[in-house]
Amino acid sequence: MAEGKLRVKLPVLGSDGEDQVSRRRFLALFGASAALATGAGCKPSGNRAAIVPYTKKQEEIVPGIADYYASTFQEGEVAYPVLVKAREGRPIHVEGNDEHPRYRGKTSFHATADLLGLYDPDRLRAPMQDGRLTTWNVAIDRLASSLRESAGRSAVLITGAVISPSRKTLIARLIEAVPGLRHVEWEPSADHAGRQAERALYGESRLPRHRFDKAWVIVALEADFLGTLGDTVSAIAGFASQRRPDSFAGGMNRLYVLEGGMSLTGSRADVRLPLRPSALARIAFGLVHAVALRAGRPLPEGMDAAALDGFALDRLPEAKPFAAALDALVRDLIAAGPKSLVLAGPAASTDAHAACLILNHMLGAEGVTVASDESVAAPVLATPEELAKVLADMAAGRVAAALFWDVNPAYDVPGESAWQAALARVPLRVRLGLLPDETAASCNLVLPTNHWLESWNDFETSRDTLTLQQPVVAPLYDTLQGEDVLLRCLAELGHPAGKSYQDFLKQRWQEEVQPQGSPIPFARFWNTCLHDGLLHRKAEPAATRVLDGTALARAAAGAAQAARPTLELVLDLDPRLHDGRYANNGWLQEMPDPIQRTSWGNPLALSPADADRLHLKNGDLVTLDRGPALPIVRQRGQAEGVVRLTLGHGRSAGSVAAQVGTRAWSLTTAAGSRVVAVDAIRPTGGHQDLALAQDHDTKDGRDIARLWSMAEFARKPQHEREAEDFPSLYDKQEQKGPRWGMASDLSACVGCGACVVACQSENNIPVVGPEQVRKGRAMHWMRVDRYYEGEGTATSVVHEPMLCQHCDNAPCETVCPVQATNHGPDGINQMAYNRCVGTRYCANNCPYKVRRFNFLDFTGETPESMQLAFNPEVSVRPRGVMEKCTFCVQRIRNAEQVAKRDGRGLRDSDVVPACASACPASAIVFGDISDPKSEVSKLSRSNRGFHVLEELGTKPAITYLAALKNPSGRDGGER
Amino acid sequence: MISATAPLPEALTPMELMEGRVTPASLDDQVLQFPARRPPRAWYIALGVTLTALAIGGFCMAWTLYYGIGTWGNNRPVAWGFGIINFVFWIGIGHAGTLISAILFLFRARWRNAIARFAEAMTIFAVMCAGIFPVLHTGRPWFAYWLFPYPNERGIWVNFRSPLIWDVFAVSTYFSVSLVFWYLGLVPDFASLRDRTAEGLRKRIYTIASLGWRGAASHWVHYDKAYLLLAGLATGLVISVHSVVSFDFAVSLVPGWHMTIFPPYFVAGAIFAGFAMVVMGLIVVRKTMNLSNLITDNHLDTMNKLILAMSCIMGYAYCMEAGTAWYSANPYIQHTFKNYVSGFYGWAGITTITCNIIIPQLFWFRRLRRSIPAMIFVALAVTLGMWMERFVIIIISLHQDYLPSSWHLYIPTKIDFGVLLGSFGLFFTLVLLFARVLPVIATSEMKGSLPGAQAGDGGGHA
């Protein structure tokens, strides 16, 4: 098409009467052909009236200038508002939407990383029927007729959690049109135990809203709220906001973590009690007992104090080793009252969850830190048992058609045989999804859906905010949004509900969302909402809930009887791959686990004591009672008798995902319990090298990442730090304009690794694969070092984001023979890739080891679709070239140009590098350190500030602020 | 004055430099016969072996160029691996030749005349082997010429602060001076060969190569002056080249590299390794080419004494380094030195000390200094030890530096070993070719030390 136009519109050079083509005219023609050639890259597909393919230049798209669109990223029951950066019509980076009051520009790194999902070369590109390509008309026809004929036998629609009001309405319409249709919402990763406890105690369940920013004392029982549990972004932001005191007097929250394995949350605990999950319920009720007894808080209505009799903490055998810590914990809870927050995670039993709910209730936290008044009803998710019943119905031949929409039960349902048996008797099995995954493999109608960056939707996760999702790019392939498939089905069934889902959504918003009698025309209302990506509404707080005490007695009785197995296997979500849905994402596979520091796989974590007993070292293979051989990793701080494995690995489909790690879903019990009793661990004698991003676990006594207790902090000077000037043979650097620098607060940093993903996306950092990671050749410009201090129960962790320090006296600059790395006038240590010969001397001489070398051709074979994810503002580096963090120099130059255009100087907040922008804890602050008034300067003068390896005289531009730990007792300080 | 009747002390007795009666004619016949004769079978077998090694190395180098440095074991933090080890090793091997031909010439050590030619040839070949590595180890070898400060339209200059640039100058100067020095010495011998050869291609080549040398007195005057000047120039280079190579390490801030003792320590190590290699070469040459009467046990004995002396200097340097690490109270440097002898690569450090310091002490015994098997044993040990020393310095220092989070082991690959093998293949192929094509002993210089060649005594220097 574009080529045809080119021939018609453009005169042949030199044939239009002019003897010679002037330079000016040549450039004009050259530019025009280049623009057309670019436009041809985005091809139109199907009937998409609303999204104009980029064959004609649109007014708002200027080549070289990025556009930003607000949208929303859904993950299970959480919806993160995002801002998508698009260049020349293609999305290239995802950040948080700063219009949202709760997220303030922060988002989950899963959203950032899922950009790759859009460009995944594995994606389904056209509808398939019985393994053969077909057209949408044929496919919809077959689906609709099968639904029509399903009368008598039922049809089943299995989706993920539906938190979109419009999607919910649409599904309701479909159920009206197809009477026998059953809708099942399946989220394998949901905290079923917690949901069950909530329903038992309150008679309903709501989407959790925890106010970590208001909590002074947080108690987490197997609750990894910083890593994997629900809305981690606002949890990290809230938690970190209470951990950055300017001075000792500033005060800080205190986090108690009771867990078996070492989670990200456990790594930031002030007091961490390594406990077996089976003990948690009893200890939780022990806390209830102690709070009730000591503070005299009344027990909830209907609960008899006698039910707690057996739970006195001093009589529980599990509590013995931690008596002092638990005593302090109880004191803290009572002192903090409503400002406490007690949480349990999926590995805690229903009874433990119940005890946590009572504790929050008794302490008055309900309505303060547990903001259930702001939350909406949770979707009714199927428990694993309920799903098993549906599968049994299928196996019994009672289901005529089954639709699997963005769920992958073939992978995440424990028993494979049940799944196979179920599918064998269902005549029509429909897959609505993005990728040819395990479920698609057993379906006879495979319908490719749009990626969320190609889709419309709305989401409601709190009472006061609705967020919108809008497509940023026309569908790359012949795909439809799942909702559009349903709409076309409805039309086929004689119940038309709208031309497209976009219209359906708009219509619903016009009728139901826009306030009645608003003088604003709907088009303006809609466009504003779309622009902002969200709508704030005044909402009545939800009704206060009444706790049913009688259910508690049952829970207490259950807790008393909880078994004490010899070995407990804890199955946690993978912080990177979630439930396995991101397993085909190279960025997330290569991202090191924040604690284990392993990438490409999920080794079985053993406590060092257990590993020693079995004479196991990292990577040795073992088998549990059943299942395959697994490599182990020794995990400091893990409770003895506990082994831990993450879910989400071991996919069998996907060019990236397949055969990486172990499928832990097969180890969950039929009831979906995340803790499984194990009889024995048997070493097989085999070994498999782990893809470790960090081999050495401790600081080796070096003062490179400071972790102070509050007591230590109190002994430090409580005034601004004065910069130390080390003698140097070199002249001072000449500085023109700002001196860019960074401050990184280790006390706020939780180590989640969002910065790593954001940096990878922004800077076109290649994925190198497990073999190269094992060889120590991962390319991450930004890494988060993790160091342990202490052993066993006294293990503490400090996370340290490490990136190019942009030293004033940079050791790399002096040794480069060709000046490929040199010093910019604004203090940036620059890297000219084109000039680099690759002697690697700079990498040797960098004491921070942040330089990355392209040992092989890591970028040359990037699949065509993945090349679209490249940021055009950053060079893609070839083989043999050194690279490293540039402080996102492209963003700096951009901001400088904008400021120049606007005729003003740079403002402090003008430049935000990708890492700082992504950090949910706002632990990274960037700016001009030569301006004493800038935020980064103020932080750099903090009394917690230090430079890493300052004694080498490198004069780094990054100041780290010491991590603080706020343990109770003698080591800690008062609040 | 020492009385004529009293025997001279051993140290003052002039060394017997040749065995039996050697005349200028017999010397020419003995040494210059080889280029005219067909080599024996053993020579072809040896050449087959070295060419095979060279072919394997060539394949591995081509593989490296095609796929990149990723085919080697290098990683982060060990950005330099076998490439730089081999470079430093081969540069070091070359030093013995220059020392023998230049410094010993200036010191009027007549015994060097018999071995100078061979040692110089080894210098040239070793530097050629060394020269492969800095280019091959770069990420983009096709741009390696950017390290030369040549005028270009982009106006980009090299970074004179970088020791790698110093290396470029040091090594290229060293190679050119060594080559000219060697060739200058060959000119009179080419003339002798020319005069001995019947008409033909061979004669034409010798005619051109001898540059019209007629042996006239004026030729000798100019020759002697030029030789003396070049010897003076090369003397400075013996010291400077390896000092500059050591700056690659000493100037950096890697713990274990950042040491002021590095320049003298590297020079001593280079001479040490070079002598071991020359001794090994001479043993083979004098045996297979029946030159034992010219390259005598006395020559080897003297060489071995020098090896012993250098070994002691190395021992001192190691102790000095360790002492510095201890005295510095610098935890990073102390950690590195602990790693040299313990930890994952501790065996490498132990091997280095054993081979370089302990085994050469055998040469305190005269009997062992004159025993061929003992010499071979010690020379092999020193060659291995000096290669391991560079492994210790480069790999062990880099693999655990400042931030423990970056520590990582280095495991060389087959390609690494293949390239190393290839460099040995190249070296010995060149040595074998040299031995058959050019005179391995400088006959013109030897004639100067024949009895009666010089007025006054039994002989003088050349």
# chains A, B, ... in the order shown; residues from 1 in each chain; ligands from 1
$ closest_atom_pairs --of "chain A" --to "chain B" --cutoff "9 Å" --atoms "only C-alpha atoms" --output "tab-separated table"
residue	atom	partner	partner_atom	distance
A:Ala693	CA	B:Ser406	CA	8.2
A:Gln694	CA	B:Ser405	CA	5.3
A:Asp695	CA	B:His408	CA	6.3
A:His696	CA	B:Ser405	CA	5.7
A:Asp697	CA	B:Ser405	CA	7.0
A:Thr698	CA	B:Pro404	CA	7.0
A:Lys699	CA	B:Pro404	CA	6.1
A:Asp700	CA	B:Pro404	CA	7.2
A:Arg702	CA	B:Pro331	CA	8.1
A:Ile704	CA	B:Leu403	CA	7.4
A:Gln772	CA	B:Gly70	CA	8.7
A:Lys775	CA	B:Asn75	CA	6.4
A:Gly776	CA	B:Asn75	CA	5.5
A:Arg777	CA	B:Asn75	CA	5.7
A:Ala778	CA	B:Arg76	CA	8.5
A:Asp785	CA	B:Ser405	CA	6.0
A:Arg786	CA	B:Ser405	CA	7.4
A:Tyr787	CA	B:Ser405	CA	7.7
A:Pro811	CA	B:Ser252	CA	7.7
A:Glu813	CA	B:Ser162	CA	8.6
A:Thr814	CA	B:Arg161	CA	5.7
A:Val815	CA	B:Ser162	CA	4.2
A:Cys816	CA	B:Ser162	CA	5.8
A:Pro817	CA	B:Asn159	CA	5.0
A:Val818	CA	B:Val158	CA	4.7
A:Gln819	CA	B:Asn159	CA	5.5
A:Arg835	CA	B:Trp146	CA	8.6
A:Cys836	CA	B:Arg140	CA	8.0
A:Val837	CA	B:Arg140	CA	5.2
A:Gly838	CA	B:Gly139	CA	4.1
A:Thr839	CA	B:Thr138	CA	4.7
A:Arg840	CA	B:Ala79	CA	5.9
A:Tyr841	CA	B:Ala79	CA	7.4
A:Ala843	CA	B:Ala79	CA	6.5
A:Asn844	CA	B:Ala79	CA	6.1
A:Asn845	CA	B:Ser252	CA	5.9
A:Cys846	CA	B:Leu253	CA	8.2
A:Pro847	CA	B:Tyr402	CA	5.8
A:Tyr848	CA	B:Leu403	CA	6.4
A:Lys849	CA	B:Pro77	CA	6.5
A:Val850	CA	B:Ser406	CA	8.9
A:Arg851	CA	B:Arg76	CA	8.3
A:Arg852	CA	B:Arg76	CA	7.5
A:Phe853	CA	B:Arg76	CA	8.1
A:Asn854	CA	B:Gly139	CA	8.0
A:Phe855	CA	B:Gly70	CA	4.3
A:Leu856	CA	B:Gly70	CA	5.0
A:Asp857	CA	B:Tyr67	CA	7.5
A:Arg879	CA	B:Gly139	CA	7.0
A:Gly880	CA	B:Gly139	CA	3.6
A:Val881	CA	B:Gly139	CA	6.2
A:Met882	CA	B:Gly139	CA	8.5
A:Leu949	CA	B:Tyr402	CA	8.0
A:Leu952	CA	B:Leu253	CA	8.2
$ residues_around --residues "segment 15-21 of chain B" --least-positions-apart "2" --cutoff "10 Å" --atoms "only C-alpha atoms" --output "ChimeraX atom specification"
/B:10-13,23,26-27,110-114,291-299,302,446,449-451
$ residues_around --residues "Ala657 of chain A" --least-positions-apart "4" --cutoff "10 Å" --atoms "only C-alpha atoms" --output "PyMOL selection string"
chain A and resi 437+580-586+589+600-601+648-653+661
$ write_last_selection --atoms "N, CA and C atoms" --output "CSV table (one decimal), in the first residue's frame"
chain,number,residue,atom,x,y,z
A,437,ASP,N,-0.6,-21.3,24.9
A,437,ASP,CA,-0.1,-21.8,26.1
A,437,ASP,C,-0.6,-23.3,26.3
A,580,GLY,N,2.8,-17.4,37.0
A,580,GLY,CA,3.3,-18.1,35.8
A,580,GLY,C,2.9,-17.3,34.6
A,581,ARG,N,2.1,-16.3,34.7
A,581,ARG,CA,1.5,-15.6,33.5
A,581,ARG,C,2.6,-14.8,32.8
A,582,TYR,N,3.7,-14.5,33.5
A,582,TYR,CA,4.8,-13.7,32.9
A,582,TYR,C,6.0,-14.6,32.5
A,583,ALA,N,5.7,-15.9,32.5
A,583,ALA,CA,6.9,-16.8,32.3
A,583,ALA,C,7.5,-16.7,31.0
A,584,ASN,N,6.8,-16.1,30.0
A,584,ASN,CA,7.4,-16.0,28.7
A,584,ASN,C,8.1,-14.6,28.5
A,585,ASN,N,8.2,-13.9,29.6
A,585,ASN,CA,8.8,-12.6,29.5
A,585,ASN,C,10.3,-12.7,29.9
A,586,GLY,N,11.2,-12.4,28.9
A,586,GLY,CA,12.6,-12.6,29.1
A,586,GLY,C,13.1,-11.6,30.2
A,589,GLN,N,12.2,-13.2,33.5
A,589,GLN,CA,12.9,-14.5,33.8
A,589,GLN,C,14.4,-14.1,34.2
A,600,TRP,N,16.2,-17.2,36.0
A,600,TRP,CA,16.0,-18.4,35.2
A,600,TRP,C,15.8,-19.6,36.0
A,601,GLY,N,14.8,-19.7,36.8
A,601,GLY,CA,14.5,-20.9,37.6
A,601,GLY,C,14.0,-20.6,39.0
A,648,GLY,N,5.0,-20.6,39.5
A,648,GLY,CA,5.1,-19.7,38.3
A,648,GLY,C,6.2,-20.2,37.3
A,649,HIS,N,7.0,-21.1,37.7
A,649,HIS,CA,8.0,-21.6,36.7
A,649,HIS,C,7.5,-23.0,36.2
A,650,GLY,N,8.3,-23.6,35.4
A,650,GLY,CA,8.1,-24.9,34.9
A,650,GLY,C,6.9,-25.0,33.9
A,651,ARG,N,6.8,-23.9,33.0
A,651,ARG,CA,5.8,-24.0,32.0
A,651,ARG,C,6.3,-24.9,30.9
A,652,SER,N,5.3,-25.5,30.2
A,652,SER,CA,5.7,-26.4,29.1
A,652,SER,C,5.5,-25.7,27.7
A,653,ALA,N,4.9,-24.6,27.7
A,653,ALA,CA,4.7,-23.9,26.4
A,653,ALA,C,5.4,-22.5,26.5
A,661,GLY,N,12.9,-24.0,35.2
A,661,GLY,CA,12.4,-24.2,36.5
A,661,GLY,C,11.4,-25.3,36.6
$ atom_distance --atom1 "atom CA of Arg148 of chain A" --atom2 "atom CA of Tyr501 of chain A"
21.7 Å
$ select_by_dssp --residues "segment 34-153 of chain B" --states "helix (DSSP H, G or I)" --output "MDAnalysis selection string"
chainID B and resid 34:36 41:67 69:71 82:106 110:136 141:147
$ residues_around --residues "His687 of chain A" --least-positions-apart "6" --cutoff "12 Å" --atoms "only C-alpha atoms" --output "ChimeraX atom specification"
/A:603,616-622,629-633
$ write_last_selection --atoms "C-alpha atoms" --output "mmCIF file, in the first residue's frame"
data_model
loop_
_atom_site.group_PDB
_atom_site.id
_atom_site.type_symbol
_atom_site.label_atom_id
_atom_site.label_comp_id
_atom_site.auth_asym_id
_atom_site.auth_seq_id
_atom_site.Cartn_x
_atom_site.Cartn_y
_atom_site.Cartn_z
ATOM 1 C CA PRO A 603 15.378 -23.559 43.178
ATOM 2 C CA LEU A 616 23.879 -30.104 50.175
ATOM 3 C CA LYS A 617 25.313 -27.071 48.500
ATOM 4 C CA ASN A 618 23.693 -24.632 46.089
ATOM 5 C CA GLY A 619 22.495 -26.375 42.962
ATOM 6 C CA ASP A 620 22.513 -29.950 44.309
ATOM 7 C CA LEU A 621 19.456 -31.837 43.185
ATOM 8 C CA VAL A 622 16.892 -33.318 45.553
ATOM 9 C CA ALA A 629 14.369 -33.438 40.912
ATOM 10 C CA LEU A 630 14.933 -29.850 41.996
ATOM 11 C CA PRO A 631 18.086 -27.839 42.543
ATOM 12 C CA ILE A 632 18.363 -26.360 46.009
ATOM 13 C CA VAL A 633 19.481 -22.992 47.230
#
$ atom_distance --atom1 "atom CA of Leu571 of chain A" --atom2 "atom CA of Leu552 of chain A"
26.3 Å
